[in-house]
file start.txt (compact mmCIF, C-alpha atoms)
# COMPACT_ATOMS: atom_id res chain seq x y z
CA MET R 21 111.97 123.99 83.98
CA GLU R 22 112.19 122.68 80.41
CA ASN R 23 108.86 122.51 78.61
CA SER R 24 107.13 123.59 81.84
CA GLN R 25 107.26 120.01 83.04
CA VAL R 26 108.93 118.55 86.12
CA LYS R 27 110.81 115.35 85.34
CA ILE R 28 110.47 113.00 88.30
CA GLY R 29 112.44 110.01 89.48
CA VAL R 30 110.65 107.58 91.80
CA ILE R 31 112.58 105.33 94.19
CA GLY R 32 110.49 102.33 95.17
CA THR R 33 107.78 100.93 92.89
CA GLY R 34 105.79 99.10 95.55
CA GLY R 35 102.31 100.19 96.60
CA MET R 36 102.93 103.83 97.56
CA GLY R 37 105.71 104.57 95.10
CA TYR R 38 103.75 103.10 92.21
CA GLN R 39 100.68 105.14 93.17
CA HIS R 40 102.73 108.34 93.36
CA ALA R 41 104.15 107.61 89.91
CA LEU R 42 100.69 107.07 88.43
CA ASN R 43 99.51 110.33 90.00
CA VAL R 44 102.47 112.33 88.66
CA ASN R 45 101.73 111.15 85.13
CA GLN R 46 98.16 112.42 85.40
CA PHE R 47 99.41 116.01 85.37
CA SER R 48 100.53 117.74 82.17
CA PHE R 49 103.24 119.52 84.16
CA GLY R 50 104.80 116.34 85.59
CA ARG R 51 106.28 113.19 84.12
CA VAL R 52 108.02 110.15 85.61
CA VAL R 53 111.23 109.74 83.61
CA ALA R 54 113.03 107.24 85.86
CA ILE R 55 112.22 104.61 88.47
CA ALA R 56 114.40 102.50 90.77
CA ASP R 57 113.73 99.31 92.68
CA ALA R 58 115.76 96.36 93.96
CA ASP R 59 112.98 94.09 92.68
CA LYS R 60 113.68 94.04 88.94
CA THR R 61 110.53 92.13 88.03
CA ARG R 62 108.28 94.53 89.92
CA MET R 63 110.09 97.54 88.44
CA GLU R 64 109.75 96.29 84.88
CA LYS R 65 106.06 95.62 85.40
CA ALA R 66 105.58 99.14 86.77
CA SER R 67 107.55 100.60 83.87
CA LYS R 68 105.03 99.30 81.33
CA ALA R 69 102.23 101.20 83.06
CA LEU R 70 104.32 104.37 83.45
CA ARG R 71 105.16 105.12 79.80
CA ASN R 72 108.45 103.21 80.01
CA PRO R 73 110.66 105.44 82.18
CA LYS R 74 114.34 104.58 82.54
CA CYS R 75 114.88 101.78 85.09
CA TYR R 76 117.62 101.64 87.71
CA LEU R 77 118.50 98.89 90.16
CA ASP R 78 120.69 101.40 92.04
CA PRO R 79 118.66 104.39 93.33
CA LYS R 80 121.81 106.51 93.59
CA GLU R 81 122.24 106.28 89.83
CA LEU R 82 118.67 107.54 89.41
CA ILE R 83 119.39 110.48 91.70
CA ALA R 84 122.50 111.36 89.70
CA ASP R 85 120.67 111.18 86.36
CA PRO R 86 120.83 114.74 84.88
CA ASN R 87 117.43 114.17 83.25
CA VAL R 88 115.78 113.86 86.68
CA ASP R 89 114.68 117.18 88.19
CA ALA R 90 113.24 115.95 91.50
CA ILE R 91 112.93 112.74 93.50
CA ILE R 92 110.08 110.87 95.21
CA ILE R 93 111.36 108.44 97.86
CA ALA R 94 108.97 105.59 98.66
CA SER R 95 111.51 102.86 99.41
CA PRO R 96 111.71 100.97 102.76
CA ASP R 97 111.93 103.25 105.80
CA ALA R 98 115.53 102.35 106.63
CA THR R 99 116.74 103.71 103.26
CA HIS R 100 115.06 107.13 103.39
CA ALA R 101 117.85 109.17 104.98
CA GLU R 102 120.56 107.77 102.67
CA TYR R 103 118.64 108.73 99.53
CA VAL R 104 117.62 112.13 100.89
CA PHE R 105 121.29 112.92 101.57
CA LYS R 106 122.24 111.84 98.06
CA ALA R 107 119.55 114.05 96.52
CA LEU R 108 120.79 117.00 98.55
CA ASP R 109 124.30 116.37 97.22
CA TYR R 110 122.82 117.14 93.78
CA LYS R 111 120.61 119.94 95.16
CA LYS R 112 117.52 118.15 93.89
CA PRO R 113 114.10 118.57 95.58
CA VAL R 114 112.78 115.51 97.40
CA LEU R 115 109.35 114.34 98.48
CA CYS R 116 110.11 111.64 101.03
CA GLU R 117 107.51 109.32 102.48
CA LYS R 118 107.47 109.25 106.26
CA PRO R 119 109.46 108.69 108.35
CA LEU R 120 112.12 111.13 107.22
CA ALA R 121 114.88 108.96 108.70
CA SER R 122 115.56 105.98 110.94
CA THR R 123 117.27 107.92 113.74
CA LEU R 124 116.99 111.42 115.15
CA GLN R 125 120.63 112.08 114.32
CA GLU R 126 119.96 111.29 110.67
CA ALA R 127 117.04 113.74 110.67
CA ILE R 128 119.22 116.40 112.30
CA ASP R 129 121.97 115.78 109.75
CA ILE R 130 119.45 116.22 106.93
CA MET R 131 118.35 119.57 108.34
CA GLU R 132 121.96 120.69 108.80
CA LYS R 133 122.65 119.79 105.17
CA GLU R 134 119.65 121.85 104.04
CA VAL R 135 120.73 124.76 106.22
CA SER R 136 124.20 124.64 104.64
CA LEU R 137 122.50 124.91 101.22
CA ASN R 138 120.26 127.70 102.57
CA LYS R 139 117.27 126.27 100.72
CA ILE R 140 114.38 124.03 101.66
CA LEU R 141 114.53 121.07 99.29
CA VAL R 142 113.07 118.28 101.44
CA SER R 143 109.34 117.68 101.83
CA VAL R 144 107.81 114.89 103.92
CA GLY R 145 104.69 112.98 102.87
CA PHE R 146 102.25 113.87 105.63
CA GLN R 147 99.39 113.96 103.16
CA ARG R 148 96.59 114.71 105.64
CA ARG R 149 97.55 118.35 105.12
CA PHE R 150 96.06 117.96 101.63
CA ASP R 151 93.11 115.71 102.41
CA PRO R 152 89.94 117.73 101.56
CA VAL R 153 88.30 116.83 104.89
CA HIS R 154 91.31 117.94 106.95
CA LEU R 155 91.67 121.08 104.83
CA ALA R 156 88.01 121.94 105.49
CA ILE R 157 88.61 121.55 109.24
CA LYS R 158 91.69 123.78 108.98
CA GLU R 159 89.74 126.43 107.08
CA SER R 160 86.86 126.37 109.57
CA ILE R 161 89.12 127.14 112.53
CA GLU R 162 91.07 129.80 110.64
CA GLU R 163 87.84 131.79 110.26
CA GLU R 164 88.09 132.37 114.05
CA LYS R 165 84.33 132.12 114.65
CA MET R 166 84.98 128.76 116.32
CA GLY R 167 87.34 130.40 118.77
CA LYS R 168 90.62 128.87 119.87
CA PRO R 169 91.09 125.13 119.23
CA LEU R 170 91.43 123.35 122.57
CA LEU R 171 91.54 119.60 121.98
CA TRP R 172 92.45 117.41 119.00
CA LYS R 173 90.89 113.91 119.17
CA GLY R 174 91.98 111.48 116.48
CA VAL R 175 91.27 107.87 115.52
CA HIS R 176 93.61 105.97 113.19
CA ARG R 177 92.64 102.36 112.43
CA ASN R 178 93.99 99.74 110.05
CA PRO R 179 92.27 96.42 109.26
CA GLU R 180 95.42 94.50 110.16
CA ALA R 181 99.05 95.17 110.98
CA MET R 182 101.06 95.56 107.77
CA TYR R 183 104.52 94.78 109.13
CA GLY R 184 104.90 94.63 112.90
CA THR R 185 102.88 94.88 116.10
CA ASP R 186 105.33 96.12 118.73
CA GLY R 187 104.59 99.55 120.11
CA ASP R 188 107.76 101.33 119.00
CA PHE R 189 107.32 100.22 115.39
CA ILE R 190 103.66 101.26 115.20
CA LEU R 191 104.37 104.62 116.78
CA ASN R 192 107.20 105.42 114.36
CA ASN R 193 105.55 103.92 111.28
CA SER R 194 101.92 105.00 111.74
CA ALA R 195 101.47 107.53 114.54
CA GLY R 196 103.67 110.14 112.86
CA HIS R 197 100.64 111.09 110.73
CA ASP R 198 98.60 111.75 113.87
CA VAL R 199 101.36 113.79 115.48
CA ASP R 200 101.74 115.93 112.37
CA SER R 201 97.99 116.42 112.09
CA ALA R 202 97.78 117.57 115.71
CA ARG R 203 100.77 119.94 115.33
CA TRP R 204 99.34 121.36 112.09
CA LEU R 205 95.77 121.90 113.30
CA LEU R 206 96.62 123.08 116.82
CA GLY R 207 99.45 125.27 115.59
CA SER R 208 101.90 124.04 118.19
CA SER R 209 104.70 121.60 118.87
CA VAL R 210 104.30 118.78 121.39
CA LYS R 211 105.51 119.53 124.92
CA SER R 212 105.01 116.11 126.52
CA VAL R 213 103.51 112.73 125.68
CA TYR R 214 102.00 109.88 127.68
CA THR R 215 101.42 106.59 125.88
CA TRP R 216 99.92 103.28 126.84
CA GLY R 217 98.85 100.26 124.84
CA SER R 218 97.62 96.69 124.82
CA LYS R 219 97.87 93.41 122.94
CA THR R 220 94.44 92.72 121.45
CA ARG R 221 94.78 89.07 120.41
CA GLU R 222 96.24 86.01 122.10
CA GLU R 223 98.04 84.85 118.97
CA LEU R 224 100.19 87.99 118.85
CA PRO R 225 103.70 88.08 120.33
CA GLU R 226 104.06 89.16 123.96
CA THR R 227 105.73 92.35 122.76
CA ALA R 228 102.67 93.33 120.71
CA ARG R 229 100.96 96.62 121.52
CA ASP R 230 98.68 96.89 118.51
CA LEU R 231 96.18 99.22 120.23
CA LEU R 232 97.84 102.43 121.39
CA PHE R 233 96.64 105.61 123.02
CA MET R 234 98.69 108.82 122.99
CA ASN R 235 97.98 111.85 125.19
CA MET R 236 99.92 114.89 124.03
CA GLU R 237 100.28 118.22 125.81
CA MET R 238 101.13 120.97 123.34
CA GLU R 239 103.45 123.91 123.88
CA ASN R 240 100.57 126.40 123.53
CA GLY R 241 98.50 124.76 126.28
CA THR R 242 96.19 122.75 124.02
CA HIS R 243 95.97 118.95 124.05
CA ALA R 244 95.73 116.05 121.61
CA VAL R 245 94.65 112.46 122.16
CA ALA R 246 95.13 109.77 119.52
CA GLU R 247 93.97 106.17 119.23
CA ILE R 248 96.10 104.04 116.90
CA PHE R 249 94.69 100.55 116.31
CA VAL R 250 96.40 98.46 113.62
CA ASN R 251 94.20 95.35 113.97
CA ALA R 252 90.70 96.84 113.82
CA ARG R 253 89.74 94.21 111.21
CA TYR R 254 86.70 96.02 109.76
CA GLY R 255 88.69 98.36 107.50
CA TYR R 256 90.81 101.49 107.30
CA GLU R 257 89.51 104.67 108.91
CA VAL R 258 90.74 108.04 110.13
CA GLU R 259 88.41 110.24 112.18
CA LEU R 260 88.95 113.60 113.83
CA ASP R 261 87.18 115.87 116.30
CA LEU R 262 88.54 119.34 116.99
CA ILE R 263 87.02 120.86 120.12
CA CYS R 264 87.13 124.66 120.05
CA GLN R 265 85.99 127.41 122.42
CA ASN R 266 82.74 127.99 120.53
CA GLY R 267 81.99 124.64 118.94
CA VAL R 268 83.26 121.34 117.58
CA VAL R 269 84.48 120.51 114.08
CA SER R 270 84.32 116.82 113.14
CA SER R 271 85.30 114.81 110.10
CA ILE R 272 82.72 112.64 108.40
CA PRO R 273 83.77 109.00 107.86
CA ASN R 274 84.70 108.36 104.25
CA HIS R 275 81.63 106.25 103.46
CA LYS R 276 80.51 106.79 99.88
CA VAL R 277 78.72 103.49 99.23
CA THR R 278 75.73 102.03 101.08
CA VAL R 279 75.45 98.25 101.15
CA ARG R 280 72.12 96.46 101.70
CA PHE R 281 72.60 92.76 102.32
CA GLN R 282 70.82 90.01 104.34
CA ASN R 283 68.43 92.31 106.22
CA ASN R 284 71.19 94.80 107.01
CA GLU R 285 72.11 98.19 105.65
CA GLY R 286 75.50 99.77 106.13
CA SER R 287 78.47 101.50 104.57
CA PHE R 288 81.40 99.94 102.78
CA ALA R 289 84.70 100.35 104.64
CA THR R 290 87.84 100.23 102.52
CA SER R 291 90.93 98.38 103.72
CA ASP R 292 93.31 100.47 101.58
CA PHE R 293 94.66 103.74 102.97
CA ARG R 294 95.67 104.80 99.46
CA GLY R 295 92.05 104.71 98.35
CA TYR R 296 90.84 106.40 101.53
CA PHE R 297 93.19 109.35 100.99
CA ALA R 298 93.34 109.16 97.19
CA GLU R 299 92.35 112.79 96.65
CA GLY R 300 94.81 114.00 99.29
CA TYR R 301 97.71 112.18 97.63
CA LYS R 302 96.84 113.75 94.28
CA LEU R 303 96.55 117.25 95.73
CA GLU R 304 99.83 116.82 97.59
CA LEU R 305 101.68 115.92 94.40
CA GLU R 306 99.94 118.62 92.37
CA GLN R 307 100.94 121.32 94.84
CA TRP R 308 104.49 119.98 95.10
CA LEU R 309 104.95 119.93 91.32
CA ILE R 310 103.52 123.43 90.93
CA SER R 311 105.78 124.76 93.70
CA LEU R 312 108.79 123.32 91.83
CA LEU R 313 107.72 124.84 88.52
CA GLU R 314 106.94 128.25 89.96
CA GLY R 315 109.68 128.39 92.58
CA THR R 316 107.15 128.94 95.37
CA SER R 317 106.99 127.45 98.86
CA PHE R 318 105.44 124.01 99.21
CA GLN R 319 102.59 124.07 101.72
CA GLY R 320 103.24 120.55 102.97
CA ALA R 321 105.51 119.29 105.71
CA ASN R 322 109.24 119.99 105.61
CA ALA R 323 112.27 118.33 107.23
CA TRP R 324 111.63 120.15 110.54
CA ASP R 325 108.10 118.75 110.64
CA GLY R 326 109.46 115.29 109.86
CA TYR R 327 112.00 115.61 112.68
CA CYS R 328 109.36 116.83 115.17
CA ALA R 329 107.11 113.88 114.37
CA MET R 330 110.03 111.52 114.94
CA VAL R 331 111.02 113.10 118.26
CA THR R 332 107.44 112.78 119.46
CA THR R 333 106.90 109.17 118.38
CA ILE R 334 110.26 108.06 119.76
CA THR R 335 109.48 109.74 123.08
CA ALA R 336 106.03 108.12 122.97
CA GLY R 337 107.74 104.74 122.70
CA GLU R 338 109.85 105.53 125.76
CA SER R 339 106.71 106.59 127.63
CA LEU R 340 105.02 103.32 126.66
CA ALA R 341 107.94 101.34 128.09
CA LYS R 342 108.21 103.36 131.31
CA GLY R 343 104.50 103.95 131.90
CA ILE R 344 104.93 107.65 132.63
CA PRO R 345 104.49 110.94 130.74
CA LEU R 346 107.74 112.26 129.26
CA PRO R 347 108.85 115.65 127.91
CA VAL R 348 109.44 115.92 124.17
CA LYS R 349 112.87 117.50 123.76
CA THR R 350 113.81 119.01 120.39
CA ILE R 351 116.85 120.89 119.19
CA PRO R 352 116.40 124.65 118.58
CA LYS R 353 114.46 125.25 115.40
CA PRO R 354 116.83 126.32 112.59
CA SER R 355 115.98 129.75 111.19
CA LEU R 356 115.58 128.24 107.69
CA TYR R 357 112.32 126.64 108.83
CA LYS R 358 110.87 129.73 110.44
call {"tool": "encode", "arguments": {"input": "start.txt", "output": "structure tokens"}}
result
Amino acid sequence: MENSQVKIGVIGTGGMGYQHALNVNQFSFGRVVAIADADKTRMEKASKALRNPKCYLDPKELIADPNVDAIIIASPDATHAEYVFKALDYKKPVLCEKPLASTLQEAIDIMEKEVSLNKILVSVGFQRRFDPVHLAIKESIEEEKMGKPLLWKGVHRNPEAMYGTDGDFILNNSAGHDVDSARWLLGSSVKSVYTWGSKTREELPETARDLLFMNMEMENGTHAVAEIFVNARYGYEVELDLICQNGVVSSIPNHKVTVRFQNNEGSFATSDFRGYFAEGYKLELEQWLISLLEGTSFQGANAWDGYCAMVTTITAGESLAKGIPLPVKTIPKPSLYK
């Protein structure tokens, strides 16, 4: 690409989109040249901190801008598929925040569009694949001394629900990260899922299921269990144990500061997932930009991975409603993603 620099357009300048834009501008080989947001005031404020990229109220105009090489989509979930499709019309690479789409058919249509182009252009922001702790766990099991991984045990807690508390929403908005982590580390798709949950506070709506537990049977005979709690109050935290034939690999909680106060000593717990995974987000973008410059494969999640996470979380929601385990049924994997 011109001047060995990828020119990026960012759709959505809220929390995640703004952070992605700041990260891109940290690299000499990437630059944010355009941003789009329906909130003009927020966009103009972000522009001042981003070296004054071109501003668009219509994201489709940003996508069509010939000065934009690739797109980051961090707009509201319901808009993701529409903007991914538009980027594919221009054959521009996309890094889309999860979920990939709002419906399974939209995700399938995205894959079919990519297949017709015969090129992987869509990446999905499952950034745990770049988190140093998760990468260390991946490396430890690839050495084979631990033997075969048998059980993935994950904890995913937020201090409070960001948007909604019903089970389906939490599964599709949050649990996709846990599904992708389990698929990536166990090296297998999900065969079946059994989900149950509870309302943790009286003031929540009757439909609330803000504490969820997912039990996943994988195609290769391994298992994964995930706790997703969006009202844990104390802070944001992701923990992982990977039980293998010859040992256990565990993450260490991201506690970097010790607090001594009023006869107590403890660790500071952040409430911001962006800070918790700050290094992972940077590494994800760095690898994506380099893959675009060098024409190499991106090591992150692709559209197939995004679709598989969606199938699993949607089925998990059906399991939650019915109170029984259910099979996870996917379409045949397109050869492009093999």
call {"tool": "closest_atom_pairs", "arguments": {"input": "start.txt", "of": "stretch 234-311 of chain R", "to": "stretch 169-193 of chain R", "cutoff": "10 Å", "atoms": "only C-alpha atoms", "output": "Markdown table"}}
result
| residue | atom | partner | partner_atom | distance |
| --- | --- | --- | --- | --- |
| R:Met234 | CA | R:Leu191 | CA | 9.4 |
| R:Asn235 | CA | R:Lys173 | CA | 9.5 |
| R:Met236 | CA | R:Trp172 | CA | 9.4 |
| R:Glu237 | CA | R:Leu171 | CA | 9.6 |
| R:Met238 | CA | R:Leu171 | CA | 9.8 |
| R:Asn240 | CA | R:Leu170 | CA | 9.7 |
| R:Gly241 | CA | R:Leu170 | CA | 8.1 |
| R:Thr242 | CA | R:Leu170 | CA | 5.0 |
| R:His243 | CA | R:Leu171 | CA | 4.9 |
| R:Ala244 | CA | R:Trp172 | CA | 4.4 |
| R:Val245 | CA | R:Lys173 | CA | 5.0 |
| R:Ala246 | CA | R:Gly174 | CA | 4.7 |
| R:Glu247 | CA | R:Val175 | CA | 4.9 |
| R:Ile248 | CA | R:His176 | CA | 4.9 |
| R:Phe249 | CA | R:Arg177 | CA | 4.7 |
| R:Val250 | CA | R:Asn178 | CA | 4.5 |
| R:Asn251 | CA | R:Glu180 | CA | 4.1 |
| R:Ala252 | CA | R:Pro179 | CA | 4.8 |
| R:Arg253 | CA | R:Pro179 | CA | 3.9 |
| R:Tyr254 | CA | R:Pro179 | CA | 5.6 |
| R:Gly255 | CA | R:Pro179 | CA | 4.4 |
| R:Tyr256 | CA | R:Asn178 | CA | 4.6 |
| R:Glu257 | CA | R:Arg177 | CA | 5.2 |
| R:Val258 | CA | R:His176 | CA | 4.7 |
| R:Glu259 | CA | R:Val175 | CA | 5.0 |
| R:Leu260 | CA | R:Gly174 | CA | 4.5 |
| R:Asp261 | CA | R:Lys173 | CA | 5.1 |
| R:Leu262 | CA | R:Trp172 | CA | 4.8 |
| R:Ile263 | CA | R:Leu171 | CA | 5.0 |
| R:Cys264 | CA | R:Pro169 | CA | 4.1 |
| R:Gln265 | CA | R:Pro169 | CA | 6.4 |
| R:Asn266 | CA | R:Pro169 | CA | 8.9 |
| R:Gly267 | CA | R:Pro169 | CA | 9.1 |
| R:Val268 | CA | R:Pro169 | CA | 8.9 |
| R:Val269 | CA | R:Pro169 | CA | 9.6 |
| R:Ser270 | CA | R:Lys173 | CA | 9.4 |
| R:Ser271 | CA | R:Gly174 | CA | 9.8 |
| R:Ala289 | CA | R:Pro179 | CA | 9.7 |
| R:Thr290 | CA | R:Pro179 | CA | 8.9 |
| R:Ser291 | CA | R:Pro179 | CA | 6.0 |
| R:Asp292 | CA | R:Asn178 | CA | 8.5 |
| R:Phe293 | CA | R:Asn178 | CA | 8.2 |
call {"tool": "closest_residue", "arguments": {"input": "start.txt", "among": "R:Ala228, R:Met166, R:Leu115, R:Val153", "to": "R:Gly300", "atoms": "only C-alpha atoms"}}
result
R:Val153
call {"tool": "atom_distance", "arguments": {"input": "start.txt", "atom1": "atom CA of R:Glu304", "atom2": "atom CA of R:His40"}}
result
9.9 Å
call {"tool": "residues_near_point", "arguments": {"input": "start.txt", "point": "(121.9, 114.2, 111.3)", "cutoff": "12 Å", "atoms": "all atoms listed in the file", "output": "list of chain:residue names"}}
result
R:Ala101, R:Glu102, R:Val104, R:Phe105, R:Leu120, R:Ala121, R:Ser122, R:Thr123, R:Leu124, R:Gln125, R:Glu126, R:Ala127, R:Ile128, R:Asp129, R:Ile130, R:Met131, R:Glu132, R:Lys133, R:Glu134, R:Val135, R:Ala323, R:Trp324, R:Tyr327, R:Ile351
call {"tool": "residues_near_point", "arguments": {"input": "start.txt", "point": "(91.6, 120.6, 108.5)", "cutoff": "10 Å", "atoms": "only C-alpha atoms", "output": "VMD selection string"}}
result
chain R and resid 148 to 162 201 to 202 204 to 205 260 262 269 to 271
call {"tool": "closest_residue", "arguments": {"input": "start.txt", "among": "R:Met36, R:Ala69, R:Met63, R:Ala58", "to": "R:Phe297", "atoms": "all atoms listed in the file"}}
result
R:Met36
call {"tool": "build_atoms", "arguments": {"input": "start.txt", "residues": "stretch 232-244 of chain R", "atoms": "N, CA and C atoms", "output": "mmCIF file, keeping the file's coordinate frame"}}
result
data_model
loop_
_atom_site.group_PDB
_atom_site.id
_atom_site.type_symbol
_atom_site.label_atom_id
_atom_site.label_comp_id
_atom_site.auth_asym_id
_atom_site.auth_seq_id
_atom_site.Cartn_x
_atom_site.Cartn_y
_atom_site.Cartn_z
ATOM 1 N N LEU R 232 97.080 101.420 120.660
ATOM 2 C CA LEU R 232 97.840 102.430 121.390
ATOM 3 C C LEU R 232 97.009 103.686 121.607
ATOM 4 N N PHE R 233 97.319 104.357 122.701
ATOM 5 C CA PHE R 233 96.640 105.610 123.020
ATOM 6 C C PHE R 233 97.691 106.631 123.421
ATOM 7 N N MET R 234 97.711 107.763 122.726
ATOM 8 C CA MET R 234 98.690 108.820 122.990
ATOM 9 C C MET R 234 97.972 110.064 123.520
ATOM 10 N N ASN R 235 98.479 110.591 124.613
ATOM 11 C CA ASN R 235 97.980 111.850 125.190
ATOM 12 C C ASN R 235 99.103 112.866 125.086
ATOM 13 N N MET R 236 98.877 113.889 124.279
ATOM 14 C CA MET R 236 99.920 114.890 124.030
ATOM 15 C C MET R 236 99.532 116.252 124.578
ATOM 16 N N GLU R 237 100.429 116.830 125.362
ATOM 17 C CA GLU R 237 100.280 118.220 125.810
ATOM 18 C C GLU R 237 101.089 119.089 124.866
ATOM 19 N N MET R 238 100.459 120.122 124.318
ATOM 20 C CA MET R 238 101.130 120.970 123.340
ATOM 21 C C MET R 238 101.772 122.179 124.013
ATOM 22 N N GLU R 239 102.733 122.761 123.326
ATOM 23 C CA GLU R 239 103.450 123.910 123.880
ATOM 24 C C GLU R 239 102.531 125.098 124.141
ATOM 25 N N ASN R 240 101.458 125.248 123.358
ATOM 26 C CA ASN R 240 100.570 126.400 123.530
ATOM 27 C C ASN R 240 99.421 126.138 124.505
ATOM 28 N N GLY R 241 99.505 125.039 125.261
ATOM 29 C CA GLY R 241 98.500 124.760 126.280
ATOM 30 C C GLY R 241 97.327 123.931 125.814
ATOM 31 N N THR R 242 97.253 123.618 124.518
ATOM 32 C CA THR R 242 96.190 122.750 124.020
ATOM 33 C C THR R 242 96.597 121.287 124.218
ATOM 34 N N HIS R 243 95.696 120.373 123.868
ATOM 35 C CA HIS R 243 95.970 118.950 124.050
ATOM 36 C C HIS R 243 95.530 118.150 122.818
ATOM 37 N N ALA R 244 96.110 116.963 122.688
ATOM 38 C CA ALA R 244 95.730 116.050 121.610
ATOM 39 C C ALA R 244 95.736 114.633 122.150
#
